[in-house]
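Structure file model.cif (mmCIF, C-alpha atoms and all ligand atoms) is printed below.
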data_input
loop_
_atom_site.label_atom_id
_atom_site.label_comp_id
_atom_site.auth_asym_id
_atom_site.auth_seq_id
_atom_site.Cartn_x
_atom_site.Cartn_y
_atom_site.Cartn_z
CA MET T 1 0.00 0.00 0.00
CA ALA T 2 1.25 3.50 -0.80
CA THR T 3 2.12 5.25 2.42
CA SER T 4 3.70 8.51 1.29
CA ARG T 5 2.47 11.36 3.49
CA ASP T 6 2.49 13.75 0.52
CA GLU T 7 -0.27 11.80 -1.19
CA ALA T 8 -2.37 11.79 1.93
CA THR T 9 -5.87 13.11 1.36
CA VAL T 10 -7.43 12.47 4.73
CA GLY T 11 -10.07 15.18 4.34
CA VAL T 12 -11.46 14.63 7.83
CA ARG T 13 -12.85 17.75 9.52
CA THR T 14 -14.29 16.19 12.66
CA VAL T 15 -12.76 13.66 15.01
CA VAL T 16 -15.15 12.23 17.60
CA VAL T 17 -13.55 11.20 20.89
CA PRO T 18 -15.76 9.16 23.21
CA ALA T 19 -14.52 10.07 26.68
CA ALA T 20 -17.50 9.50 28.94
CA GLY T 21 -16.40 6.19 30.44
CA MET T 22 -16.11 5.86 34.20
CA GLY T 23 -12.56 4.53 34.16
CA THR T 24 -13.39 1.73 36.58
CA ARG T 25 -10.23 -0.20 35.70
CA PHE T 26 -8.22 2.77 36.94
CA LEU T 27 -9.77 3.24 40.37
CA PRO T 28 -8.90 4.71 42.80
CA ALA T 29 -7.08 7.28 40.60
CA THR T 30 -10.25 7.95 38.59
CA LYS T 31 -12.33 8.91 41.64
CA THR T 32 -11.30 12.51 40.92
CA VAL T 33 -9.10 12.43 37.79
CA PRO T 34 -10.67 11.41 34.45
CA LYS T 35 -8.54 8.67 32.89
CA GLU T 36 -8.11 10.79 29.72
CA LEU T 37 -6.09 13.24 31.84
CA LEU T 38 -3.63 10.68 33.17
CA PRO T 39 -0.20 11.60 31.76
CA VAL T 40 1.90 9.57 29.36
CA VAL T 41 5.28 10.99 30.43
CA ASP T 42 3.95 14.57 30.86
CA THR T 43 1.10 14.75 28.34
CA PRO T 44 -2.47 13.58 29.03
CA GLY T 45 -3.90 10.94 26.71
CA ILE T 46 -6.55 13.39 25.45
CA GLU T 47 -3.80 15.74 24.20
CA LEU T 48 -2.07 12.86 22.38
CA ILE T 49 -5.36 12.21 20.59
CA ALA T 50 -5.76 15.93 19.80
CA GLN T 51 -2.23 15.93 18.34
CA GLU T 52 -3.03 12.92 16.17
CA ALA T 53 -6.30 14.51 14.99
CA ALA T 54 -4.60 17.84 14.19
CA ALA T 55 -1.77 16.06 12.36
CA VAL T 56 -4.24 14.60 9.83
CA GLY T 57 -5.77 18.05 9.30
CA ALA T 58 -8.93 17.75 11.40
CA GLN T 59 -10.39 21.04 12.67
CA ARG T 60 -12.82 19.87 15.35
CA LEU T 61 -12.45 17.50 18.26
CA ALA T 62 -15.94 16.47 19.36
CA VAL T 63 -15.36 15.16 22.87
CA ILE T 64 -18.20 13.10 24.32
CA THR T 65 -18.06 13.63 28.06
CA ALA T 66 -20.00 12.59 31.12
CA PRO T 67 -21.52 15.33 33.33
CA SER T 68 -18.85 14.61 35.97
CA LYS T 69 -15.90 14.90 33.56
CA GLN T 70 -15.79 18.60 32.61
CA GLU T 71 -12.06 18.72 33.47
CA VAL T 72 -11.26 16.89 30.23
CA LEU T 73 -12.36 19.93 28.19
CA ARG T 74 -10.69 22.35 30.62
CA HIS T 75 -7.38 20.94 29.42
CA PHE T 76 -7.96 22.88 26.15
CA ASP T 77 -8.47 26.26 27.90
CA THR T 78 -5.87 29.06 27.57
CA PHE T 79 -4.57 29.52 31.19
CA PRO T 80 -3.30 33.11 30.46
CA GLU T 81 -2.12 33.82 34.03
CA LEU T 82 -0.09 30.64 34.20
CA VAL T 83 1.47 31.33 30.79
CA GLU T 84 2.29 34.92 31.77
CA MET T 85 3.88 33.82 35.04
CA LEU T 86 5.97 31.13 33.33
CA ARG T 87 7.15 33.54 30.60
CA ALA T 88 8.03 36.21 33.17
CA ARG T 89 10.27 33.64 34.86
CA GLY T 90 11.91 32.67 31.56
CA LYS T 91 10.20 29.27 31.49
CA ASP T 92 9.20 29.51 27.84
CA GLU T 93 9.39 25.79 27.19
CA GLN T 94 6.86 25.12 29.95
CA ALA T 95 4.67 28.02 28.79
CA ASP T 96 4.64 26.55 25.27
CA LYS T 97 3.55 23.22 26.72
CA VAL T 98 0.66 24.92 28.53
CA GLU T 99 -0.47 26.66 25.32
CA ARG T 100 -0.03 23.64 23.04
CA ALA T 101 -3.42 21.92 23.54
CA ASN T 102 -5.39 25.12 22.98
CA GLN T 103 -3.60 25.80 19.70
CA LEU T 104 -4.00 22.30 18.26
CA ILE T 105 -7.67 22.00 17.39
CA ALA T 106 -11.11 23.37 18.32
CA PRO T 107 -12.64 21.17 21.02
CA ILE T 108 -16.42 20.82 21.30
CA ALA T 109 -17.99 19.26 24.38
CA ILE T 110 -20.96 16.95 23.90
CA GLU T 111 -22.53 15.63 27.06
CA GLN T 112 -23.62 12.02 27.27
CA ALA T 113 -25.98 12.07 30.23
CA LYS T 114 -25.96 8.28 30.73
CA PRO T 115 -23.39 5.60 29.79
CA LEU T 116 -25.51 3.90 27.13
CA GLY T 117 -22.59 2.58 25.05
CA LEU T 118 -20.07 3.53 22.37
CA GLY T 119 -22.71 3.50 19.63
CA HIS T 120 -24.86 5.96 21.58
CA ALA T 121 -21.82 8.18 22.28
CA VAL T 122 -20.93 8.38 18.58
CA SER T 123 -24.55 9.08 17.59
CA LEU T 124 -24.49 12.27 19.71
CA ALA T 125 -21.89 13.83 17.39
CA GLU T 126 -24.20 14.06 14.37
CA PRO T 127 -25.26 17.71 14.97
CA VAL T 128 -21.60 18.81 15.06
CA LEU T 129 -20.91 17.75 11.46
CA ASP T 130 -21.28 20.21 8.57
CA ALA T 131 -24.13 19.49 6.15
CA ASP T 132 -21.67 18.44 3.44
CA GLU T 133 -19.41 16.36 5.69
CA ASP T 134 -19.70 12.86 4.25
CA ALA T 135 -17.32 11.13 6.64
CA PHE T 136 -15.73 11.66 10.04
CA ALA T 137 -13.26 9.87 12.26
CA VAL T 138 -13.65 8.28 15.67
CA MET T 139 -10.57 7.98 17.86
CA LEU T 140 -10.88 6.06 21.11
CA PRO T 141 -8.58 7.75 23.64
CA ASP T 142 -7.74 4.41 25.31
CA ASP T 143 -6.01 3.28 22.13
CA ILE T 144 -2.67 4.69 21.05
CA VAL T 145 -1.86 3.43 17.56
CA LEU T 146 1.69 4.03 16.33
CA PRO T 147 2.75 5.31 13.90
CA ALA T 148 -0.10 7.78 14.11
CA THR T 149 -0.38 7.94 10.31
CA VAL T 150 -2.77 4.97 10.14
CA LEU T 151 -5.71 7.30 9.41
CA GLU T 152 -3.94 8.41 6.23
CA ASP T 153 -3.84 4.79 5.04
CA MET T 154 -7.51 4.40 5.97
CA ALA T 155 -8.42 7.56 4.00
CA ARG T 156 -6.67 6.21 0.92
CA VAL T 157 -8.74 3.04 1.14
CA ARG T 158 -11.95 5.08 1.48
CA ALA T 159 -10.95 7.15 -1.56
CA ALA T 160 -10.47 3.94 -3.58
CA LYS T 161 -13.36 1.83 -2.29
CA GLY T 162 -15.83 4.24 -0.67
CA GLY T 163 -17.78 3.62 2.51
CA SER T 164 -16.21 3.16 5.94
CA VAL T 165 -12.70 2.03 6.85
CA LEU T 166 -11.54 0.76 10.23
CA CYS T 167 -8.20 -0.10 11.74
CA ALA T 168 -7.64 -3.79 12.47
CA PHE T 169 -5.07 -5.45 14.66
CA GLU T 170 -4.17 -9.12 14.84
CA VAL T 171 -4.50 -10.67 18.29
CA SER T 172 -4.47 -14.24 19.52
CA ARG T 173 -7.81 -16.07 19.43
CA GLU T 174 -7.97 -16.10 23.24
CA GLU T 175 -7.93 -12.29 23.29
CA THR T 176 -10.74 -11.72 20.80
CA PHE T 177 -13.42 -11.65 23.52
CA ASN T 178 -12.21 -8.14 24.48
CA TYR T 179 -12.87 -6.58 21.08
CA GLY T 180 -15.08 -6.03 18.08
CA VAL T 181 -14.04 -8.85 15.72
CA PHE T 182 -14.13 -8.70 11.92
CA ASP T 183 -15.30 -11.35 9.46
CA VAL T 184 -13.20 -10.56 6.39
CA GLU T 185 -12.44 -11.43 2.79
CA ASP T 186 -9.09 -10.79 1.09
CA THR T 187 -8.57 -7.99 -1.42
CA GLU T 188 -5.72 -7.47 -3.90
CA ASP T 189 -3.81 -5.70 -1.10
CA GLU T 190 -2.58 -7.99 1.68
CA LEU T 191 -3.12 -5.28 4.31
CA VAL T 192 -6.64 -4.29 3.20
CA LYS T 193 -9.56 -6.65 3.87
CA LYS T 194 -13.21 -6.36 2.95
CA VAL T 195 -15.40 -6.70 6.04
CA VAL T 196 -18.39 -8.99 5.55
CA GLY T 197 -19.53 -8.98 9.19
CA MET T 198 -18.56 -7.69 12.61
CA VAL T 199 -19.37 -8.99 16.09
CA GLU T 200 -18.78 -7.36 19.46
CA LYS T 201 -16.76 -9.34 22.02
CA PRO T 202 -17.66 -12.88 20.91
CA GLU T 203 -16.71 -16.04 22.79
CA PRO T 204 -13.34 -17.22 21.38
CA ASP T 205 -14.92 -20.21 19.60
CA GLN T 206 -17.45 -17.90 17.95
CA ALA T 207 -14.90 -15.30 16.76
CA PRO T 208 -14.98 -15.04 12.95
CA SER T 209 -11.24 -14.18 12.81
CA ASN T 210 -8.44 -12.86 14.98
CA LEU T 211 -8.61 -9.40 13.40
CA VAL T 212 -10.05 -6.93 15.90
CA ALA T 213 -11.08 -3.28 15.95
CA THR T 214 -8.65 -0.91 17.60
CA GLY T 215 -9.71 2.61 18.31
CA ARG T 216 -9.54 4.24 14.86
CA TYR T 217 -12.61 4.46 12.64
CA LEU T 218 -13.22 6.42 9.45
CA LEU T 219 -16.99 6.33 9.18
CA ASP T 220 -19.32 7.25 6.41
CA ARG T 221 -22.09 9.57 7.56
CA LYS T 222 -24.56 6.74 6.87
CA ILE T 223 -23.48 5.27 10.21
CA PHE T 224 -25.89 7.69 11.95
CA ALA T 225 -28.90 6.07 10.23
CA ALA T 226 -27.55 2.65 11.26
CA LEU T 227 -27.03 3.86 14.83
CA ARG T 228 -30.70 4.87 14.99
CA GLN T 229 -31.68 1.28 14.15
CA ILE T 230 -29.65 -0.65 16.70
CA THR T 231 -30.98 -2.04 19.96
CA PRO T 232 -28.94 -2.80 23.11
CA GLY T 233 -26.35 -5.49 22.37
CA LYS T 234 -23.34 -6.88 24.23
CA GLY T 235 -23.41 -5.77 27.89
CA GLY T 236 -26.83 -4.18 27.34
CA GLU T 237 -25.14 -1.24 25.57
CA LEU T 238 -25.75 0.36 22.18
CA GLN T 239 -22.71 -0.93 20.30
CA LEU T 240 -20.95 0.83 17.41
CA THR T 241 -20.00 -2.65 16.18
CA ASP T 242 -23.70 -3.53 15.69
CA ALA T 243 -24.28 -0.37 13.62
CA ILE T 244 -21.27 -1.23 11.43
CA ASP T 245 -22.65 -4.74 10.97
CA LYS T 246 -25.96 -3.16 9.87
CA LEU T 247 -24.12 -0.99 7.31
CA ILE T 248 -22.53 -4.14 5.87
CA ALA T 249 -25.88 -5.95 5.78
CA ALA T 250 -27.30 -2.99 3.83
CA GLY T 251 -24.58 -3.43 1.21
CA GLU T 252 -22.41 -0.46 2.23
CA PRO T 253 -18.65 -1.00 1.72
CA VAL T 254 -16.65 -1.51 4.91
CA HIS T 255 -12.93 -2.32 4.85
CA VAL T 256 -10.14 -2.61 7.36
CA VAL T 257 -6.51 -1.61 7.16
CA VAL T 258 -4.49 -4.23 9.00
CA HIS T 259 -2.12 -2.29 11.21
CA ARG T 260 1.30 -3.79 11.64
CA GLY T 261 2.69 -1.09 13.92
CA LYS T 262 2.45 -0.69 17.67
CA ARG T 263 -0.58 -0.31 19.87
CA HIS T 264 -0.96 0.70 23.51
CA ASP T 265 -4.11 0.37 25.63
CA LEU T 266 -4.21 3.30 28.05
CA GLY T 267 -7.50 2.08 29.52
CA ASN T 268 -6.02 -0.11 32.23
CA PRO T 269 -2.82 -0.09 34.30
CA GLY T 270 -1.48 -3.18 32.50
CA GLY T 271 -1.42 -1.31 29.19
CA TYR T 272 -0.80 2.17 30.55
CA ILE T 273 2.50 1.31 32.28
CA PRO T 274 4.14 -0.12 29.12
CA ALA T 275 2.88 2.94 27.19
CA CYS T 276 4.59 5.24 29.69
CA VAL T 277 7.77 3.17 29.44
CA ASP T 278 7.71 3.21 25.62
CA PHE T 279 7.05 6.96 25.37
CA GLY T 280 9.51 7.59 28.19
CA LEU T 281 12.30 5.66 26.47
CA HIS T 282 11.75 7.70 23.30
CA ASP T 283 11.70 11.00 25.20
CA PRO T 284 14.89 13.00 24.60
CA VAL T 285 14.92 14.40 28.16
CA TYR T 286 13.96 11.34 30.18
CA GLY T 287 14.84 8.48 27.79
CA PRO T 288 18.55 7.88 28.50
CA ALA T 289 18.21 7.91 32.30
CA LEU T 290 15.00 5.86 32.15
CA TYR T 291 16.76 3.21 30.07
CA LYS T 292 19.41 2.83 32.76
CA SER T 293 16.88 2.81 35.61
CA LEU T 294 14.78 0.17 33.88
CA LYS T 295 17.78 -2.08 33.40
CA ALA T 296 18.68 -1.73 37.07
CA ILE T 297 15.07 -2.37 38.12
CA MET T 298 14.95 -5.50 35.93
CA THR T 299 18.22 -6.82 37.28
CA ALA T 300 17.13 -6.28 40.88
CA PHE T 301 13.72 -7.80 40.16
CA GLU T 302 15.23 -10.89 38.56
CA ALA T 303 17.56 -11.33 41.53
CA GLU T 304 14.61 -10.98 43.94
CA THR T 305 12.43 -13.49 42.13
CA ARG T 306 15.10 -16.04 41.20
C1 LIG W 1 -14.46 -0.77 22.21
C2 LIG W 1 -15.28 -1.34 21.04
C3 LIG W 1 -14.63 -2.60 20.50
C4 LIG W 1 -13.18 -2.29 20.12
C5 LIG W 1 -12.44 -1.70 21.33
C6 LIG W 1 -11.04 -1.24 20.90
O1 LIG W 1 -14.57 -1.65 23.30
O2 LIG W 1 -16.62 -1.60 21.48
O3 LIG W 1 -15.34 -3.06 19.37
O4 LIG W 1 -12.54 -3.46 19.66
O5 LIG W 1 -13.12 -0.55 21.85
O6 LIG W 1 -10.30 -0.79 21.98
P1 LIG W 1 -14.13 -1.24 24.81
O7 LIG W 1 -12.66 -1.46 24.90
O8 LIG W 1 -14.53 0.19 24.98
O9 LIG W 1 -14.91 -2.16 25.69
#
Target format structure tokens, applied to this file:
Amino acid sequence: MATSRDEATVGVRTVVVPAAGMGTRFLPATKTVPKELLPVVDTPGIELIAQEAAAVGAQRLAVITAPSKQEVLRHFDTFPELVEMLRARGKDEQADKVERANQLIAPIAIEQAKPLGLGHAVSLAEPVLDADEDAFAVMLPDDIVLPATVLEDMARVRAAKGGSVLCAFEVSREETFNYGVFDVEDTEDELVKKVVGMVEKPEPDQAPSNLVATGRYLLDRKIFAALRQITPGKGGELQLTDAIDKLIAAGEPVHVVVHRGKRHDLGNPGGYIPACVDFGLHDPVYGPALYKSLKAIMTAFEAETR
């Protein structure tokens, strides 16, 4: 598949970010701090998503929040007094960091009063889209997909084949029960599959493949009509997966780009800690010392547990 950035025609104006979850896997931290504000090195997950959205040219970040999670949007405020104080003290680098989120993209808060599911959350974004906006992206803030250019590949597939394009990751069969799982057919491109069905969190023996949805979706606007038709599915929630399956059943093209890069799951400590380590190791300030500390920690740990 062509992956030159110059050719990229993503053309996405709106990125929808469902961020209304309760963060139960991160308690007790999430009693008062929304999980989207937990830092990866020094930057909250929501700002990493905003960076990724801005990098593909999106203008709007439609953040679906719960009534108790207003702090997530506050992260995009201007903080003029803090910036002024930092600049007066010559701390320009820190001041730039404070201003960065606000300058990236225009955030729009959409309140989801009740946690009715990912499908319901996405449906709330419809009024934010322009009348002529045929497609939009969904980025789940729990999922960090690297390199962050995967949406460019997805946009190229949409330009060639129309419809909706999702990001797929290969996992072992035993892990499929955690994800939306694709039933696929091959295309002429090894890394692009046609989706002929999709099922949310099936039992491993019922999984149609080991290709699963990670948190990047390029959705045709027709998804909103499909979302109006779905009824509560897995876990009693309105599932985005079920609306995508309805699109397929109605003959709409749905494809996946099989992502061969890295993925981190910020939604639970078991995925968040490796993400911090990975980003930390690549950080020019903290990386070299972190590398040494990790080696020492590993050596001590192995000695302790031998
Ligand atoms: C959601 C989706 C699922 C997808 C997953 C990716 O599930 O419902 O289809 O595979 O995100 O992270 P969640 O992890 O929110 O339960």
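From CA of Val171 in chain T back to CA of Gly270 in chain T, the distance works out to 16.3 Å.
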*Please give me, as a PyMOL selection string, the residues lying within 6 Å of ligand LIG 1 (chain W) when counting all atoms listed in the file.*
chain T and resi 143+179-180+200+212-215+241
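Those residues that approach Lys193 in chain T to within 12 Å, counting all atoms listed in the file, are Met154, Val157, Lys161, Val165, Leu166, Cys167, Ala168, Phe169, Phe182, Asp183, Val184, Glu185, Asp186, Thr187, Glu188, Asp189, Glu190, Val196, Gly197, Ser209, Leu211, Pro253, Val254, His255, Val256, Val257, Val258 and His259 of chain T; same-chain residues fewer than 3 positions away are not listed.
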*Could you list as a ChimeraX atom specification every residue that has an atom within 9 Å of (-23.7, 3.6, 11.9), using the file's coordinates and counting all atoms listed in the file?*
/T:119,122-123,219-230,240-247
Please dump the current selection as a PDB file, in the coordinates of the input; keep C-alpha atoms.
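Ended up saving to again.pdb:
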ATOM      1  CA  GLY T 119     -22.710   3.500  19.630  1.00  0.00           C
ATOM      2  CA  VAL T 122     -20.930   8.380  18.580  1.00  0.00           C
ATOM      3  CA  SER T 123     -24.550   9.080  17.590  1.00  0.00           C
ATOM      4  CA  LEU T 219     -16.990   6.330   9.180  1.00  0.00           C
ATOM      5  CA  ASP T 220     -19.320   7.250   6.410  1.00  0.00           C
ATOM      6  CA  ARG T 221     -22.090   9.570   7.560  1.00  0.00           C
ATOM      7  CA  LYS T 222     -24.560   6.740   6.870  1.00  0.00           C
ATOM      8  CA  ILE T 223     -23.480   5.270  10.210  1.00  0.00           C
ATOM      9  CA  PHE T 224     -25.890   7.690  11.950  1.00  0.00           C
ATOM     10  CA  ALA T 225     -28.900   6.070  10.230  1.00  0.00           C
ATOM     11  CA  ALA T 226     -27.550   2.650  11.260  1.00  0.00           C
ATOM     12  CA  LEU T 227     -27.030   3.860  14.830  1.00  0.00           C
ATOM     13  CA  ARG T 228     -30.700   4.870  14.990  1.00  0.00           C
ATOM     14  CA  GLN T 229     -31.680   1.280  14.150  1.00  0.00           C
ATOM     15  CA  ILE T 230     -29.650  -0.650  16.700  1.00  0.00           C
ATOM     16  CA  LEU T 240     -20.950   0.830  17.410  1.00  0.00           C
ATOM     17  CA  THR T 241     -20.000  -2.650  16.180  1.00  0.00           C
ATOM     18  CA  ASP T 242     -23.700  -3.530  15.690  1.00  0.00           C
ATOM     19  CA  ALA T 243     -24.280  -0.370  13.620  1.00  0.00           C
ATOM     20  CA  ILE T 244     -21.270  -1.230  11.430  1.00  0.00           C
ATOM     21  CA  ASP T 245     -22.650  -4.740  10.970  1.00  0.00           C
ATOM     22  CA  LYS T 246     -25.960  -3.160   9.870  1.00  0.00           C
ATOM     23  CA  LEU T 247     -24.120  -0.990   7.310  1.00  0.00           C
TER      24      LEU T 247
END
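Within 9 Å of Pro232 in chain T, once all atoms listed in the file are used and residues closer than 4 positions along the same chain are dropped, the contacting residues are T:Leu116, T:Gly117, T:Gly236, T:Glu237, T:Leu238, T:Gln239.
Proximity of T:Leu129, T:Ala148, T:Leu118, T:Val56 to Gly235 in chain T, computed with only C-alpha atoms, is greatest for T:Leu118.
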*Between CA of Ala113 in chain T and CA of Ala66 in chain T, measure the distance and give it in Å to one decimal.*
6.1 Å
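By chain and then residue number, the residues within 10 Å of Gly23 in chain T are Ala19, Ala20, Gly21, Arg25, Phe26, Leu27, Pro28, Ala29, Thr30, Lys31, Val33, Pro34, Lys35, Glu36, Gly267 and Asn268 of chain T, counting only C-alpha atoms and disregarding those fewer than 2 positions away in sequence.
Atom pair CA of Glu174 in chain T / CA of Asp265 in chain T has a distance of 17.1 Å (rounded to one decimal).
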Listed atoms of range 178-190 of chain T boxed along x, y and z, 5 Å each side, centre and edge lengths in Å, one decimal, as lines of an AutoDock Vina configuration file:
center_x = -8.9
center_y = -8.6
center_z = 10.3
size_x = 22.7
size_y = 15.7
size_z = 38.4
*May I have the protein, DNA and RNA residues with an atom at most 9 Å from (-14.5, 13.8, 19.1), counting only C-alpha atoms in the file's coordinates, returned as an NGL selection string?*
:T and (14-19 or 60-64 or 107-110 or 122 or 125 or 137-140)
Could all heavy atoms be built for range 34-43 of chain T and written out as an mmCIF file, keeping the file's coordinate frame?
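selection17.cif, freshly written:
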data_model
loop_
_atom_site.group_PDB
_atom_site.id
_atom_site.type_symbol
_atom_site.label_atom_id
_atom_site.label_comp_id
_atom_site.auth_asym_id
_atom_site.auth_seq_id
_atom_site.Cartn_x
_atom_site.Cartn_y
_atom_site.Cartn_z
ATOM 1 N N PRO T 34 -10.227 12.205 35.607
ATOM 2 C CA PRO T 34 -10.670 11.410 34.450
ATOM 3 C C PRO T 34 -9.482 10.681 33.831
ATOM 4 O O PRO T 34 -8.379 11.231 33.756
ATOM 5 C CB PRO T 34 -11.210 12.465 33.481
ATOM 6 C CG PRO T 34 -11.494 13.660 34.313
ATOM 7 C CD PRO T 34 -10.525 13.627 35.458
ATOM 8 N N LYS T 35 -9.691 9.455 33.373
ATOM 9 C CA LYS T 35 -8.540 8.670 32.890
ATOM 10 C C LYS T 35 -7.902 9.318 31.659
ATOM 11 O O LYS T 35 -6.711 9.144 31.412
ATOM 12 C CB LYS T 35 -8.935 7.223 32.602
ATOM 13 C CG LYS T 35 -9.797 7.027 31.401
ATOM 14 C CD LYS T 35 -10.042 5.557 31.105
ATOM 15 C CE LYS T 35 -11.111 5.481 30.033
ATOM 16 N NZ LYS T 35 -11.606 4.198 29.712
ATOM 17 N N GLU T 36 -8.672 10.117 30.911
ATOM 18 C CA GLU T 36 -8.110 10.790 29.720
ATOM 19 C C GLU T 36 -7.103 11.865 30.099
ATOM 20 O O GLU T 36 -6.406 12.405 29.249
ATOM 21 C CB GLU T 36 -9.223 11.417 28.876
ATOM 22 C CG GLU T 36 -10.180 10.425 28.247
ATOM 23 C CD GLU T 36 -11.236 9.909 29.223
ATOM 24 O OE1 GLU T 36 -11.347 10.442 30.354
ATOM 25 O OE2 GLU T 36 -11.954 8.955 28.858
ATOM 26 N N LEU T 37 -7.057 12.230 31.397
ATOM 27 C CA LEU T 37 -6.090 13.240 31.840
ATOM 28 C C LEU T 37 -4.860 12.629 32.488
ATOM 29 O O LEU T 37 -3.933 13.344 32.887
ATOM 30 C CB LEU T 37 -6.756 14.232 32.803
ATOM 31 C CG LEU T 37 -7.820 15.134 32.171
ATOM 32 C CD1 LEU T 37 -8.369 16.122 33.195
ATOM 33 C CD2 LEU T 37 -7.274 15.888 30.965
ATOM 34 N N LEU T 38 -4.830 11.306 32.603
ATOM 35 C CA LEU T 38 -3.630 10.680 33.170
ATOM 36 C C LEU T 38 -2.476 10.880 32.181
ATOM 37 O O LEU T 38 -2.645 10.724 30.964
ATOM 38 C CB LEU T 38 -3.868 9.185 33.398
ATOM 39 C CG LEU T 38 -4.951 8.853 34.434
ATOM 40 C CD1 LEU T 38 -5.166 7.340 34.496
ATOM 41 C CD2 LEU T 38 -4.593 9.397 35.806
ATOM 42 N N PRO T 39 -1.290 11.251 32.685
ATOM 43 C CA PRO T 39 -0.200 11.600 31.760
ATOM 44 C C PRO T 39 0.575 10.408 31.228
ATOM 45 O O PRO T 39 0.856 9.464 31.950
ATOM 46 C CB PRO T 39 0.709 12.467 32.633
ATOM 47 C CG PRO T 39 0.509 11.943 34.011
ATOM 48 C CD PRO T 39 -0.923 11.477 34.093
ATOM 49 N N VAL T 40 0.913 10.475 29.954
ATOM 50 C CA VAL T 40 1.900 9.570 29.360
ATOM 51 C C VAL T 40 3.173 10.416 29.283
ATOM 52 O O VAL T 40 3.233 11.366 28.507
ATOM 53 C CB VAL T 40 1.440 9.072 27.977
ATOM 54 C CG1 VAL T 40 2.492 8.157 27.365
ATOM 55 C CG2 VAL T 40 0.103 8.358 28.088
ATOM 56 N N VAL T 41 4.140 10.121 30.121
ATOM 57 C CA VAL T 41 5.280 10.990 30.430
ATOM 58 C C VAL T 41 4.721 12.287 31.027
ATOM 59 O O VAL T 41 4.387 12.285 32.197
ATOM 60 C CB VAL T 41 6.212 11.221 29.218
ATOM 61 C CG1 VAL T 41 7.444 12.019 29.646
ATOM 62 C CG2 VAL T 41 6.652 9.878 28.624
ATOM 63 N N ASP T 42 4.529 13.364 30.260
ATOM 64 C CA ASP T 42 3.950 14.570 30.860
ATOM 65 C C ASP T 42 2.677 15.035 30.149
ATOM 66 O O ASP T 42 2.114 16.078 30.509
ATOM 67 C CB ASP T 42 4.980 15.709 30.890
ATOM 68 C CG ASP T 42 5.501 16.052 29.501
ATOM 69 O OD1 ASP T 42 4.978 15.504 28.511
ATOM 70 O OD2 ASP T 42 6.440 16.870 29.401
ATOM 71 N N THR T 43 2.215 14.272 29.166
ATOM 72 C CA THR T 43 1.100 14.750 28.340
ATOM 73 C C THR T 43 -0.118 13.845 28.505
ATOM 74 O O THR T 43 -0.019 12.632 28.278
ATOM 75 C CB THR T 43 1.534 14.783 26.857
ATOM 76 O OG1 THR T 43 2.704 15.597 26.762
ATOM 77 C CG2 THR T 43 0.455 15.352 25.974
#
